[in-house]
file entry-v9.pdb (PDB, C-alpha atoms)
ATOM      1  CA  MET A  28      79.034  59.911  76.433  1.00  0.00           C
ATOM      2  CA  LEU A  29      77.298  63.138  75.534  1.00  0.00           C
ATOM      3  CA  SER A  30      76.207  64.240  72.098  1.00  0.00           C
ATOM      4  CA  SER A  31      73.881  67.136  71.414  1.00  0.00           C
ATOM      5  CA  ASP A  32      73.397  68.596  67.945  1.00  0.00           C
ATOM      6  CA  PHE A  33      70.116  70.383  68.813  1.00  0.00           C
ATOM      7  CA  GLU A  34      68.336  69.016  65.737  1.00  0.00           C
ATOM      8  CA  THR A  35      65.294  67.995  67.811  1.00  0.00           C
ATOM      9  CA  GLY A  36      65.358  70.705  70.468  1.00  0.00           C
ATOM     10  CA  LEU A  37      67.064  71.730  73.697  1.00  0.00           C
ATOM     11  CA  ALA A  38      65.781  68.915  75.940  1.00  0.00           C
ATOM     12  CA  GLY A  39      68.180  67.891  78.689  1.00  0.00           C
ATOM     13  CA  TRP A  40      69.775  71.326  79.002  1.00  0.00           C
ATOM     14  CA  TYR A  41      68.995  73.544  82.004  1.00  0.00           C
ATOM     15  CA  ARG A  42      68.465  77.042  80.601  1.00  0.00           C
ATOM     16  CA  GLN A  43      68.353  80.449  82.221  1.00  0.00           C
ATOM     17  CA  GLY A  44      68.067  83.693  80.270  1.00  0.00           C
ATOM     18  CA  LYS A  45      67.238  84.187  76.602  1.00  0.00           C
ATOM     19  CA  VAL A  46      68.078  80.835  74.997  1.00  0.00           C
ATOM     20  CA  ALA A  47      66.477  79.789  71.712  1.00  0.00           C
ATOM     21  CA  TRP A  48      66.277  76.699  69.555  1.00  0.00           C
ATOM     22  CA  TYR A  49      67.600  78.423  66.462  1.00  0.00           C
ATOM     23  CA  ALA A  50      67.102  77.660  62.756  1.00  0.00           C
ATOM     24  CA  GLY A  51      69.017  80.692  61.409  1.00  0.00           C
ATOM     25  CA  ASP A  52      72.696  80.934  60.579  1.00  0.00           C
ATOM     26  CA  PRO A  53      75.195  79.959  61.740  1.00  0.00           C
ATOM     27  CA  LYS A  54      74.363  76.330  62.417  1.00  0.00           C
ATOM     28  CA  HIS A  55      75.294  72.806  61.366  1.00  0.00           C
ATOM     29  CA  GLY A  56      72.292  70.817  60.218  1.00  0.00           C
ATOM     30  CA  THR A  57      68.900  72.440  60.752  1.00  0.00           C
ATOM     31  CA  HIS A  58      69.217  73.922  64.278  1.00  0.00           C
ATOM     32  CA  ALA A  59      71.631  75.278  66.874  1.00  0.00           C
ATOM     33  CA  MET A  60      71.256  76.929  70.267  1.00  0.00           C
ATOM     34  CA  ARG A  61      71.373  80.761  70.349  1.00  0.00           C
ATOM     35  CA  PHE A  62      71.822  83.138  73.289  1.00  0.00           C
ATOM     36  CA  THR A  63      70.996  86.817  73.431  1.00  0.00           C
ATOM     37  CA  GLY A  64      70.693  89.353  76.232  1.00  0.00           C
ATOM     38  CA  ASN A  65      72.550  89.393  79.531  1.00  0.00           C
ATOM     39  CA  ASN A  66      73.252  86.675  82.085  1.00  0.00           C
ATOM     40  CA  VAL A  67      72.573  83.556  80.046  1.00  0.00           C
ATOM     41  CA  TRP A  68      73.418  80.179  81.602  1.00  0.00           C
ATOM     42  CA  VAL A  69      72.998  76.758  79.970  1.00  0.00           C
ATOM     43  CA  GLU A  70      74.081  73.608  81.796  1.00  0.00           C
ATOM     44  CA  ARG A  71      74.073  69.847  81.388  1.00  0.00           C
ATOM     45  CA  ARG A  72      75.271  67.191  83.804  1.00  0.00           C
ATOM     46  CA  ARG A  73      76.601  63.839  82.627  1.00  0.00           C
ATOM     47  CA  SER A  74      78.384  61.204  84.636  1.00  0.00           C
ATOM     48  CA  THR A  75      81.806  60.267  83.300  1.00  0.00           C
ATOM     49  CA  ALA A  76      82.043  57.243  85.620  1.00  0.00           C
ATOM     50  CA  GLY A  77      84.005  54.496  83.905  1.00  0.00           C
ATOM     51  CA  TYR A  78      85.696  56.831  81.396  1.00  0.00           C
ATOM     52  CA  GLN A  79      89.061  58.597  81.199  1.00  0.00           C
ATOM     53  CA  ASP A  80      90.968  60.740  78.669  1.00  0.00           C
ATOM     54  CA  LEU A  81      87.954  62.978  78.095  1.00  0.00           C
ATOM     55  CA  VAL A  82      87.724  65.382  75.182  1.00  0.00           C
ATOM     56  CA  LEU A  83      85.012  68.031  74.902  1.00  0.00           C
ATOM     57  CA  SER A  84      84.330  69.431  71.450  1.00  0.00           C
ATOM     58  CA  VAL A  85      81.802  72.064  70.487  1.00  0.00           C
ATOM     59  CA  TYR A  86      81.119  74.403  67.615  1.00  0.00           C
ATOM     60  CA  LEU A  87      80.557  77.886  68.974  1.00  0.00           C
ATOM     61  CA  GLY A  88      80.653  81.494  67.983  1.00  0.00           C
ATOM     62  CA  ALA A  89      79.756  84.976  69.175  1.00  0.00           C
ATOM     63  CA  LYS A  90      78.589  88.091  67.375  1.00  0.00           C
ATOM     64  CA  SER A  91      78.635  91.835  68.143  1.00  0.00           C
ATOM     65  CA  PHE A  92      80.670  91.589  71.362  1.00  0.00           C
ATOM     66  CA  GLU A  93      82.328  94.684  72.785  1.00  0.00           C
ATOM     67  CA  ASN A  94      85.407  94.714  75.067  1.00  0.00           C
ATOM     68  CA  TRP A  95      83.463  93.880  78.228  1.00  0.00           C
ATOM     69  CA  GLU A  96      81.280  91.042  76.870  1.00  0.00           C
ATOM     70  CA  TYR A  97      82.039  87.327  77.250  1.00  0.00           C
ATOM     71  CA  LEU A  98      80.956  83.828  76.317  1.00  0.00           C
ATOM     72  CA  ILE A  99      82.539  81.286  78.664  1.00  0.00           C
ATOM     73  CA  LEU A 100      82.688  77.504  78.389  1.00  0.00           C
ATOM     74  CA  TYR A 101      82.730  75.816  81.807  1.00  0.00           C
ATOM     75  CA  TRP A 102      83.101  72.315  83.188  1.00  0.00           C
ATOM     76  CA  THR A 103      82.591  71.117  86.759  1.00  0.00           C
ATOM     77  CA  ASP A 104      83.870  68.273  88.897  1.00  0.00           C
ATOM     78  CA  GLY A 105      80.757  68.664  91.044  1.00  0.00           C
ATOM     79  CA  GLN A 106      82.322  71.189  93.422  1.00  0.00           C
ATOM     80  CA  THR A 107      84.168  73.795  91.351  1.00  0.00           C
ATOM     81  CA  TRP A 108      83.405  75.336  87.969  1.00  0.00           C
ATOM     82  CA  TYR A 109      86.456  75.660  85.686  1.00  0.00           C
ATOM     83  CA  GLU A 110      86.741  77.997  82.679  1.00  0.00           C
ATOM     84  CA  PRO A 111      88.860  76.449  79.905  1.00  0.00           C
ATOM     85  CA  LEU A 112      87.614  78.901  77.267  1.00  0.00           C
ATOM     86  CA  THR A 113      86.590  82.549  77.233  1.00  0.00           C
ATOM     87  CA  VAL A 114      85.437  84.207  74.021  1.00  0.00           C
ATOM     88  CA  ASP A 115      85.668  87.986  74.014  1.00  0.00           C
ATOM     89  CA  ASN A 116      85.622  90.420  71.105  1.00  0.00           C
ATOM     90  CA  HIS A 117      89.290  89.620  70.290  1.00  0.00           C
ATOM     91  CA  HIS A 118      88.828  85.836  70.087  1.00  0.00           C
ATOM     92  CA  PRO A 119      88.612  84.354  66.556  1.00  0.00           C
ATOM     93  CA  ALA A 120      85.214  82.829  67.454  1.00  0.00           C
ATOM     94  CA  SER A 121      83.732  86.324  67.901  1.00  0.00           C
ATOM     95  CA  ASP A 122      83.245  86.693  64.127  1.00  0.00           C
ATOM     96  CA  GLY A 123      79.631  85.470  64.121  1.00  0.00           C
ATOM     97  CA  GLN A 124      80.539  82.054  62.664  1.00  0.00           C
ATOM     98  CA  LEU A 125      80.834  78.622  64.270  1.00  0.00           C
ATOM     99  CA  HIS A 126      84.334  77.468  65.200  1.00  0.00           C
ATOM    100  CA  LEU A 127      85.348  74.007  66.350  1.00  0.00           C
ATOM    101  CA  ILE A 128      86.741  74.105  69.883  1.00  0.00           C
ATOM    102  CA  GLU A 129      88.331  70.929  71.273  1.00  0.00           C
ATOM    103  CA  ILE A 130      89.472  70.702  74.878  1.00  0.00           C
ATOM    104  CA  ALA A 131      91.295  67.765  76.443  1.00  0.00           C
ATOM    105  CA  LEU A 132      89.852  67.759  79.952  1.00  0.00           C
ATOM    106  CA  PRO A 133      92.058  67.117  83.001  1.00  0.00           C
ATOM    107  CA  ALA A 134      92.021  63.919  85.049  1.00  0.00           C
ATOM    108  CA  ALA A 135      89.604  65.448  87.595  1.00  0.00           C
ATOM    109  CA  ALA A 136      86.864  65.329  84.947  1.00  0.00           C
ATOM    110  CA  ALA A 137      87.320  61.584  84.367  1.00  0.00           C
ATOM    111  CA  ASN A 138      85.455  58.836  86.216  1.00  0.00           C
ATOM    112  CA  ASN A 139      83.318  61.501  87.869  1.00  0.00           C
ATOM    113  CA  PRO A 140      79.584  60.998  88.468  1.00  0.00           C
ATOM    114  CA  ALA A 141      79.156  64.750  89.191  1.00  0.00           C
ATOM    115  CA  PHE A 142      80.691  66.016  85.933  1.00  0.00           C
ATOM    116  CA  GLY A 143      78.924  68.760  84.000  1.00  0.00           C
ATOM    117  CA  ILE A 144      79.431  71.375  81.304  1.00  0.00           C
ATOM    118  CA  ALA A 145      77.936  74.821  80.916  1.00  0.00           C
ATOM    119  CA  PHE A 146      78.017  77.932  78.785  1.00  0.00           C
ATOM    120  CA  GLY A 147      77.565  81.434  80.170  1.00  0.00           C
ATOM    121  CA  MET A 148      77.201  84.761  78.378  1.00  0.00           C
ATOM    122  CA  TRP A 149      77.875  87.828  80.535  1.00  0.00           C
ATOM    123  CA  ASP A 150      77.685  91.617  80.364  1.00  0.00           C
ATOM    124  CA  THR A 151      75.893  91.493  77.009  1.00  0.00           C
ATOM    125  CA  ASP A 152      72.641  92.952  75.674  1.00  0.00           C
ATOM    126  CA  THR A 153      69.992  92.063  73.105  1.00  0.00           C
ATOM    127  CA  SER A 154      72.232  93.072  70.182  1.00  0.00           C
ATOM    128  CA  ASP A 155      74.836  90.442  71.191  1.00  0.00           C
ATOM    129  CA  PHE A 156      74.585  86.761  70.275  1.00  0.00           C
ATOM    130  CA  ALA A 157      76.255  83.432  70.960  1.00  0.00           C
ATOM    131  CA  TYR A 158      75.749  80.232  69.002  1.00  0.00           C
ATOM    132  CA  ILE A 159      76.357  76.681  70.253  1.00  0.00           C
ATOM    133  CA  ASP A 160      76.138  73.519  68.145  1.00  0.00           C
ATOM    134  CA  GLU A 161      77.331  69.915  68.072  1.00  0.00           C
ATOM    135  CA  VAL A 162      78.420  69.457  71.679  1.00  0.00           C
ATOM    136  CA  LEU A 163      80.317  66.168  72.008  1.00  0.00           C
ATOM    137  CA  LEU A 164      81.999  64.602  75.026  1.00  0.00           C
ATOM    138  CA  THR A 165      84.099  61.513  74.342  1.00  0.00           C
ATOM    139  CA  GLY A 166      86.272  59.322  76.545  1.00  0.00           C
ATOM    140  CA  VAL A 167      88.077  56.022  76.730  1.00  0.00           C
ATOM    141  CA  PRO A 168      86.565  53.259  78.879  1.00  0.00           C
ATOM    142  CA  ILE A 169      88.663  52.523  81.949  1.00  0.00           C
ATOM    143  CA  SER A 170      90.031  48.994  81.765  1.00  0.00           C
ATOM    144  CA  PRO A 171      89.080  46.764  84.707  1.00  0.00           C
TER     145      PRO A 171
END
call {"tool": "encode", "arguments": {"input": "entry-v9.pdb", "output": "structure tokens"}}
result
Amino acid sequence: MLSSDFETGLAGWYRQGKVAWYAGDPKHGTHAMRFTGNNVWVERRRSTAGYQDLVLSVYLGAKSFENWEYLILYWTDGQTWYEPLTVDNHHPASDGQLHLIEIALPAAAANNPAFGIAFGMWDTDTSDFAYIDEVLLTGVPISP
């Protein structure tokens, strides 16, 4: 339903803040998406109409976070943004490497034409980084 490995760029993603198409490490393949600085927001909408049992997987990591700095994974049903994952400086994914995160999304995400995902990085500065790669949203077709 949605697959983005960033090998050919960041097309299709709304971006606000310092977001780069990144060829450094960490990454899978030749490129990833990298955030730096404060108040970064990256968003993509994708209808899940006709699908249920959704699973969102992403490789992500953060580097140089202090106690007050966060990378948050969001999803929306079109009205409310939900936060199934927050990476702070105590989370295993704050080690500067990519970690596979898999989230079974609730029923409200299924069969939803207004569905979307986003990543936000907050209260950080230019010495803090987040890395996103291989975003994948899968689901099971709803039987007629």
call {"tool": "closest_atom_pairs", "arguments": {"input": "entry-v9.pdb", "of": "range 48-150 of chain A", "to": "range 162-165 of chain A", "cutoff": "6 Å", "atoms": "all atoms listed in the file", "output": "JSON lines"}}
result
{"residue": "A:Leu81", "atom": "CA", "partner": "A:Thr165", "partner_atom": "CA", "distance": 5.6}
{"residue": "A:Val82", "atom": "CA", "partner": "A:Thr165", "partner_atom": "CA", "distance": 5.4}
{"residue": "A:Leu83", "atom": "CA", "partner": "A:Leu164", "partner_atom": "CA", "distance": 4.6}
{"residue": "A:Ser84", "atom": "CA", "partner": "A:Leu163", "partner_atom": "CA", "distance": 5.2}
{"residue": "A:Val85", "atom": "CA", "partner": "A:Val162", "partner_atom": "CA", "distance": 4.4}
call {"tool": "closest_residue", "arguments": {"input": "entry-v9.pdb", "among": "A:Ser74, A:Asn138, A:Asn94, A:Thr35", "to": "Val114 in chain A", "atoms": "only C-alpha atoms"}}
result
A:Asn94
call {"tool": "closest_residue", "arguments": {"input": "entry-v9.pdb", "among": "A:Pro119, A:Ile128, A:Arg72, A:Gly143", "to": "Thr107 in chain A", "atoms": "only C-alpha atoms"}}
result
A:Gly143
call {"tool": "residues_around", "arguments": {"input": "entry-v9.pdb", "residues": "Ser154 in chain A", "least_positions_apart": "6", "cutoff": "9 Å", "atoms": "all atoms listed in the file", "output": "VMD selection string"}}
result
chain A and resid 63 to 64 90 to 92
call {"tool": "axis_aligned_box", "arguments": {"input": "entry-v9.pdb", "around": "range 95-106 of chain A", "padding_each_side": "8 Å", "output": "lines of an AutoDock Vina configuration file"}}
result
center_x = 82.3
center_y = 81.1
center_z = 84.9
size_x = 19.1
size_y = 41.6
size_z = 33.1
call {"tool": "residues_around", "arguments": {"input": "entry-v9.pdb", "residues": "Ile169 in chain A", "least_positions_apart": "3", "cutoff": "8 Å", "atoms": "all atoms listed in the file", "output": "PyMOL selection string"}}
result
chain A and resi 77-79
call {"tool": "atom_distance", "arguments": {"input": "entry-v9.pdb", "atom1": "CA of Pro171 in chain A", "atom2": "CA of Pro140 in chain A"}}
result
17.5 Å
call {"tool": "closest_residue", "arguments": {"input": "entry-v9.pdb", "among": "A:Asp80, A:Glu70, A:Arg61, A:Asp104", "to": "Gly39 in chain A", "atoms": "only C-alpha atoms"}}
result
A:Glu70
call {"tool": "atom_distance", "arguments": {"input": "entry-v9.pdb", "atom1": "CA of Thr57 in chain A", "atom2": "CA of Tyr158 in chain A"}}
result
13.3 Å
call {"tool": "atom_distance", "arguments": {"input": "entry-v9.pdb", "atom1": "CA of His126 in chain A", "atom2": "CA of Ile159 in chain A"}}
result
9.5 Å
call {"tool": "residues_around", "arguments": {"input": "entry-v9.pdb", "residues": "Leu87 in chain A", "least_positions_apart": "4", "cutoff": "12 Å", "atoms": "all atoms listed in the file", "output": "PyMOL selection string"}}
result
chain A and resi 32+52-55+59-62+98-100+112-114+118-129+146+156-162
call {"tool": "residues_around", "arguments": {"input": "entry-v9.pdb", "residues": "Phe142 in chain A", "least_positions_apart": "5", "cutoff": "10 Å", "atoms": "only C-alpha atoms", "output": "list in words"}}
result
Arg71, Arg72, Arg73, Ser74, Thr75, Ala76, Trp102, Thr103, Asp104, Gly105, Gln106, Trp108, Ala135, Ala136 and Ala137 of chain A
call {"tool": "resolve_selection", "arguments": {"input": "entry-v9.pdb", "expression": "the PyMOL selection byres ((chain A and resi 96) around 7)", "output": "PyMOL selection string"}}
result
chain A and resi 92-95+97+115+149-151
call {"tool": "resolve_selection", "arguments": {"input": "entry-v9.pdb", "expression": "the PyMOL selection byres ((chain A and resi 40) around 10)", "output": "list in words"}}
result
Ser31, Gly36, Leu37, Ala38, Gly39, Tyr41, Arg42, Gln43, Trp68, Val69, Glu70, Arg71, Arg72, Ile144 and Ala145 of chain A
call {"tool": "closest_residue", "arguments": {"input": "entry-v9.pdb", "among": "A:Ala131, A:Ala50, A:Val67, A:Ala141", "to": "Glu34 in chain A", "atoms": "only C-alpha atoms"}}
result
A:Ala50
call {"tool": "decode", "arguments": {"input": "entry-v9.pdb", "residues": "range 32-53 of chain A", "atoms": "N, CA and C atoms", "output": "mmCIF file, in the first residue's frame"}}
result
data_model
loop_
_atom_site.group_PDB
_atom_site.id
_atom_site.type_symbol
_atom_site.label_atom_id
_atom_site.label_comp_id
_atom_site.auth_asym_id
_atom_site.auth_seq_id
_atom_site.Cartn_x
_atom_site.Cartn_y
_atom_site.Cartn_z
ATOM 1 N N ASP A 32 11.608 3.622 0.081
ATOM 2 C CA ASP A 32 12.958 3.322 0.544
ATOM 3 C C ASP A 32 13.932 4.475 0.280
ATOM 4 N N PHE A 33 13.415 5.563 -0.314
ATOM 5 C CA PHE A 33 14.167 6.804 -0.518
ATOM 6 C C PHE A 33 15.360 6.648 -1.458
ATOM 7 N N GLU A 34 15.399 5.585 -2.231
ATOM 8 C CA GLU A 34 16.513 5.391 -3.163
ATOM 9 C C GLU A 34 16.507 6.431 -4.284
ATOM 10 N N THR A 35 15.330 6.925 -4.665
ATOM 11 C CA THR A 35 15.263 7.889 -5.770
ATOM 12 C C THR A 35 14.848 9.283 -5.315
ATOM 13 N N GLY A 36 14.789 9.512 -4.023
ATOM 14 C CA GLY A 36 14.459 10.845 -3.529
ATOM 15 C C GLY A 36 13.358 10.829 -2.488
ATOM 16 N N LEU A 37 12.842 12.020 -2.196
ATOM 17 C CA LEU A 37 11.840 12.206 -1.145
ATOM 18 C C LEU A 37 10.479 12.590 -1.713
ATOM 19 N N ALA A 38 10.278 12.380 -3.016
ATOM 20 C CA ALA A 38 9.009 12.745 -3.654
ATOM 21 C C ALA A 38 7.836 12.066 -2.956
ATOM 22 N N GLY A 39 6.743 12.812 -2.843
ATOM 23 C CA GLY A 39 5.534 12.290 -2.212
ATOM 24 C C GLY A 39 5.432 12.577 -0.732
ATOM 25 N N TRP A 40 6.501 13.049 -0.131
ATOM 26 C CA TRP A 40 6.515 13.360 1.300
ATOM 27 C C TRP A 40 6.461 14.874 1.486
ATOM 28 N N TYR A 41 5.477 15.354 2.242
ATOM 29 C CA TYR A 41 5.446 16.764 2.645
ATOM 30 C C TYR A 41 6.546 16.944 3.680
ATOM 31 N N ARG A 42 7.367 17.986 3.517
ATOM 32 C CA ARG A 42 8.501 18.188 4.413
ATOM 33 C C ARG A 42 8.533 19.619 4.924
ATOM 34 N N GLN A 43 8.772 19.734 6.227
ATOM 35 C CA GLN A 43 8.939 21.037 6.849
ATOM 36 C C GLN A 43 10.126 20.942 7.796
ATOM 37 N N GLY A 44 11.026 21.901 7.733
ATOM 38 C CA GLY A 44 12.233 21.861 8.547
ATOM 39 C C GLY A 44 13.398 21.331 7.739
ATOM 40 N N LYS A 45 14.471 20.988 8.421
ATOM 41 C CA LYS A 45 15.700 20.538 7.760
ATOM 42 C C LYS A 45 15.638 19.025 7.516
ATOM 43 N N VAL A 46 15.195 18.672 6.308
ATOM 44 C CA VAL A 46 15.053 17.280 5.893
ATOM 45 C C VAL A 46 15.925 17.081 4.665
ATOM 46 N N ALA A 47 16.753 16.043 4.674
ATOM 47 C CA ALA A 47 17.674 15.813 3.564
ATOM 48 C C ALA A 47 17.529 14.408 3.009
ATOM 49 N N TRP A 48 17.725 14.310 1.694
ATOM 50 C CA TRP A 48 17.926 13.019 1.039
ATOM 51 C C TRP A 48 19.377 12.665 1.309
ATOM 52 N N TYR A 49 19.621 11.586 2.034
ATOM 53 C CA TYR A 49 20.882 11.375 2.725
ATOM 54 C C TYR A 49 21.590 10.121 2.222
ATOM 55 N N ALA A 50 22.857 10.272 1.818
ATOM 56 C CA ALA A 50 23.645 9.143 1.328
ATOM 57 C C ALA A 50 24.675 8.660 2.353
ATOM 58 N N GLY A 51 24.718 9.270 3.539
ATOM 59 C CA GLY A 51 25.666 8.847 4.569
ATOM 60 C C GLY A 51 25.147 7.635 5.323
ATOM 61 N N ASP A 52 25.765 7.356 6.432
ATOM 62 C CA ASP A 52 25.325 6.247 7.291
ATOM 63 C C ASP A 52 24.671 6.816 8.533
ATOM 64 N N PRO A 53 23.633 6.154 9.030
ATOM 65 C CA PRO A 53 23.127 4.847 8.615
ATOM 66 C C PRO A 53 22.105 4.957 7.482
#
